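Heads up, the thing below is written out as structure tokens.
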Amino acid sequence: MEILAFGVQADERPLLEKAFEGHHEVRCLSVFLDEDTAPIAAGHEAVSTSVNADLNHRVLRTLAAGGTQLIAQRSTGFNNIDLEAAERLGLIVARVSSYSPYSVAEFAWTLALAVNRRIVRASNRTRDFDFRLDGLMGRDLRGRTVGVLGTGKIGEAFTRIAHGFGMNLLGWDVAENPACVELGMKYVDKERLLAEADLVSLHVPLMEATRHLVDAAALRAMKDDAILVNSSRGGLIDTEALVGELRAGRFTGVGLDVYEAEAGLFFLDKSLEVVEDDTLARLVTFPNVVVTSTRRTTPPTRSARSSTPPSRTSSTTPRGGAARTSWSRGPPRRAHRRAARPSARPRPS
Ligand SMILES: NC(=O)c1ccc[n+]([C@@H]2O[C@H](COP(=O)([O-])OP(=O)(O)OC[C@H]3O[C@@H](n4cnc5c(N)ncnc54)[C@H](O)[C@@H]3O)[C@@H](O)[C@H]2O)c1
């Protein structure tokens with residue numbers, strides 16, 4: 001079978017090809033799947049997509065009419081797919097449900113350390129043979145307080161690293177993670193966490209309850225010299241409000257791997273175009289802000305989730321056992337142990 005993969009980045013291509021070598025052909029396209037490109041999929045039973053594709057009901061109808069039966073999204077988030085339409089059309093939808101939480105946690109720490117130690121500024125200066133030290137002062141983290149909003153798989157991995165730095169650990173989540181408690185994390189309300197933390201890192205999913213979790217009031221509640229890191233989803237932060245606080249000279253550093261209006265920008269080369277996003281344009285001018293669009297996930301180890309049919313199991317067996325894919329109805333399983341407390345089930349968006 002030939003799988004048609006849309007929106008494939010240059011560094012993804014060899015991974016995809018290697019994973020399916022000897023099992024299926026993979027045809028990689030750099031264009032994203034949308035209404036204009038969907039007809040290309042005609043005759044392909046399986047289509048692979050990425051988070052910036054737009055799988056609305058018209059796109060899904062075109063895919064189904066062309067004979068597509070399976071859509072495999074190469075990300076955990078699936079808010080870009082109209083699942084109800086997929087179910088109506090009898091399309092199986094799969095996504096990545098299991099990946100290395102360490103890759104994101106370590107990248108979040110990379111951002112935190114980069115802004116704390118002024119790495120980008122220091123590097124730029126040395127390129128110009130400017131070896132002055134002013135404006136490059138960082139702070140020790142040992143003995144300071146980290147606040148982790150969302151202590152699931154990634155939040156826990158982030159917390160373990162903070163523990164290694166000798167930091168005091170504050171957490172906020174709908175359910176306590178016993179592994180974090182064991183490390184000495186104290187669960188507090190969001191207001192206390194924001195007021196006491198020297199470093200705040202976001203690891204909750206984006207859903208209605210968490211949209212603009214860090215809004216103007218939350219930003220005002222933070223310490224003036226705090227560090228804020230977001231490697232989860234852009235919509236967790238009210239970016240306009242953040243720009244307002246930065247303009248007032250607040251915060252030691254802000255590290256962002258995500259941005260709420262990133263669709264249509266991230267993963268693409270826009271360097272030769274006029275910048276139309278004034279908020280992002282302003283954001284990147286602050287000397288204490290680092291923005292990346294890297295999404296530091298490593299290749300998936302397993303994927304699961306479907307819209308339909310109810311209980312059908314299929315399996316792809318890419319080389320090296322990289323992906324066993326099973327389709328079954330129902331929400332993704334939670335992988336980490338947690339306290340027996342009721343929790344709002346996250347609906348990633
Ligand atoms: N930048 C990237 O490359 C990248 C890659 C993967 C995931 N992510 C993001 O990281 C997020 C976290 O991933 P994870 O694997 O740790 O997920 P997870 O499900 O293991 O953890 C999420 C945590 O958030 C908590 N939570 C959910 N809703 C909440 C609410 N309303 N209030 C308080 N806590 C709430 C859950 O209880 C859980 O502990 C993902 O949802 C995704 O948005 C980013």
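Labeling convention for the structure tokens: chains A, B, ... as they appear, residues from 1 per chain, ligands from 1 in order of appearance.
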
- request: Go through segment 110-275 of chain A and collect every residue that DSSP, computed from the backbone, puts in helix (DSSP H, G or I); the answer should be as an NGL selection string.
  value: :A and (110-116 or 119-127 or 153-164 or 178-182 or 190-196 or 208-210 or 216-221 or 234-236 or 239-247)

Would you write out, as JSON lines, a table of all residues in segment 56-168 of chain A that have an atom no more than 7 Å from an atom of segment 202-207 of chain A, listing for each the closest atom pair and the distance in Å to one decimal, considering only C-alpha atoms and ordering rows by chain and rising residue number?
```
{"residue": "A:Val148", "atom": "CA", "partner": "A:Leu202", "partner_atom": "CA", "distance": 6.3}
{"residue": "A:Leu149", "atom": "CA", "partner": "A:Leu202", "partner_atom": "CA", "distance": 5.0}
{"residue": "A:Gly150", "atom": "CA", "partner": "A:Val204", "partner_atom": "CA", "distance": 4.5}
{"residue": "A:Thr151", "atom": "CA", "partner": "A:His203", "partner_atom": "CA", "distance": 6.8}
{"residue": "A:Ile154", "atom": "CA", "partner": "A:His203", "partner_atom": "CA", "distance": 6.5}
{"residue": "A:Gly155", "atom": "CA", "partner": "A:His203", "partner_atom": "CA", "distance": 5.5}
```

Export C-alpha atoms of the chosen residues as an mmCIF file, in the first residue's frame?
```
data_model
loop_
_atom_site.group_PDB
_atom_site.id
_atom_site.type_symbol
_atom_site.label_atom_id
_atom_site.label_comp_id
_atom_site.auth_asym_id
_atom_site.auth_seq_id
_atom_site.Cartn_x
_atom_site.Cartn_y
_atom_site.Cartn_z
ATOM 1 C CA VAL A 148 4.523 23.606 37.420
ATOM 2 C CA LEU A 149 1.036 24.097 35.975
ATOM 3 C CA GLY A 150 -0.013 20.602 34.897
ATOM 4 C CA THR A 151 1.891 17.705 36.422
ATOM 5 C CA ILE A 154 5.619 16.127 30.753
ATOM 6 C CA GLY A 155 5.066 18.113 33.956
#
```

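Close contacts of Val26 of chain A, defined as residues with an atom at most 9 Å away when counting only C-alpha atoms, with chain neighbours fewer than 6 positions off set aside, comprise Met1, Glu2, Ile3, Leu4, Ala5, Leu16, Glu17 and Phe20 of chain A.
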
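The two atoms in question, atom CA of Val291 of chain A and atom CA of Val258 of chain A, are spaced 7.7 Å apart.
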
message: I'd like to know which residues of segment 187-259 of chain A are strand (DSSP E or B) (by DSSP, run on the backbone); could you write them as a PyMOL selection string?
response: chain A and resi 187+199-202+214+227-230+237+253-256

query: Of the candidates A:Thr239, A:Ser48, A:Ser103, A:Thr68, which one gets nearest to ligand 1 if we count only C-alpha atoms and all ligand atoms?
result: A:Ser103

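Of the residues under consideration (A:Asp257, A:Asp215, A:Asp140, A:Glu191), A:Asp257 shows the shortest atom-to-atom contact distance to ligand 1 when counting only C-alpha atoms and all ligand atoms.
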
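Comparing A:Glu156, A:Glu260, A:Asp128, A:Glu35 by their smallest distance to Gly184 of chain A, the closest is A:Glu156 (using only C-alpha atoms).
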
task: Could you give me, as a ChimeraX atom specification, the residues within 7 Å of segment 75-82 of chain A, counting only C-alpha atoms and dropping anything in the same chain fewer than 2 positions from it?
output: /A:50-51,53-57,73,84-86,95-97,348-349

So which residues touch Val214 of chain A within 8 Å, counting only C-alpha atoms, skipping near sequence neighbours fewer than 5 positions away, as an mmCIF file with C-alpha atoms, in the first residue's frame?
```
data_model
loop_
_atom_site.group_PDB
_atom_site.id
_atom_site.type_symbol
_atom_site.label_atom_id
_atom_site.label_comp_id
_atom_site.auth_asym_id
_atom_site.auth_seq_id
_atom_site.Cartn_x
_atom_site.Cartn_y
_atom_site.Cartn_z
ATOM 1 C CA LEU A 219 0.604 37.727 34.703
ATOM 2 C CA LEU A 236 -2.736 28.942 27.329
ATOM 3 C CA ILE A 237 -1.302 32.477 27.430
ATOM 4 C CA ASP A 238 -3.042 35.738 26.555
#
```

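Going from atom CA of Pro39 of chain A over to atom CA of His24 of chain A, you cover 21.1 Å.
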
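What separates atom CA of Ser123 of chain A from atom CA of Leu283 of chain A is a distance of 19.8 Å.
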
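Restricting the calculation to only C-alpha atoms and all ligand atoms, the smallest distance between ligand 1 and any of A:Ala122, A:Leu136, A:Leu265, A:Leu111 is found for A:Leu111.
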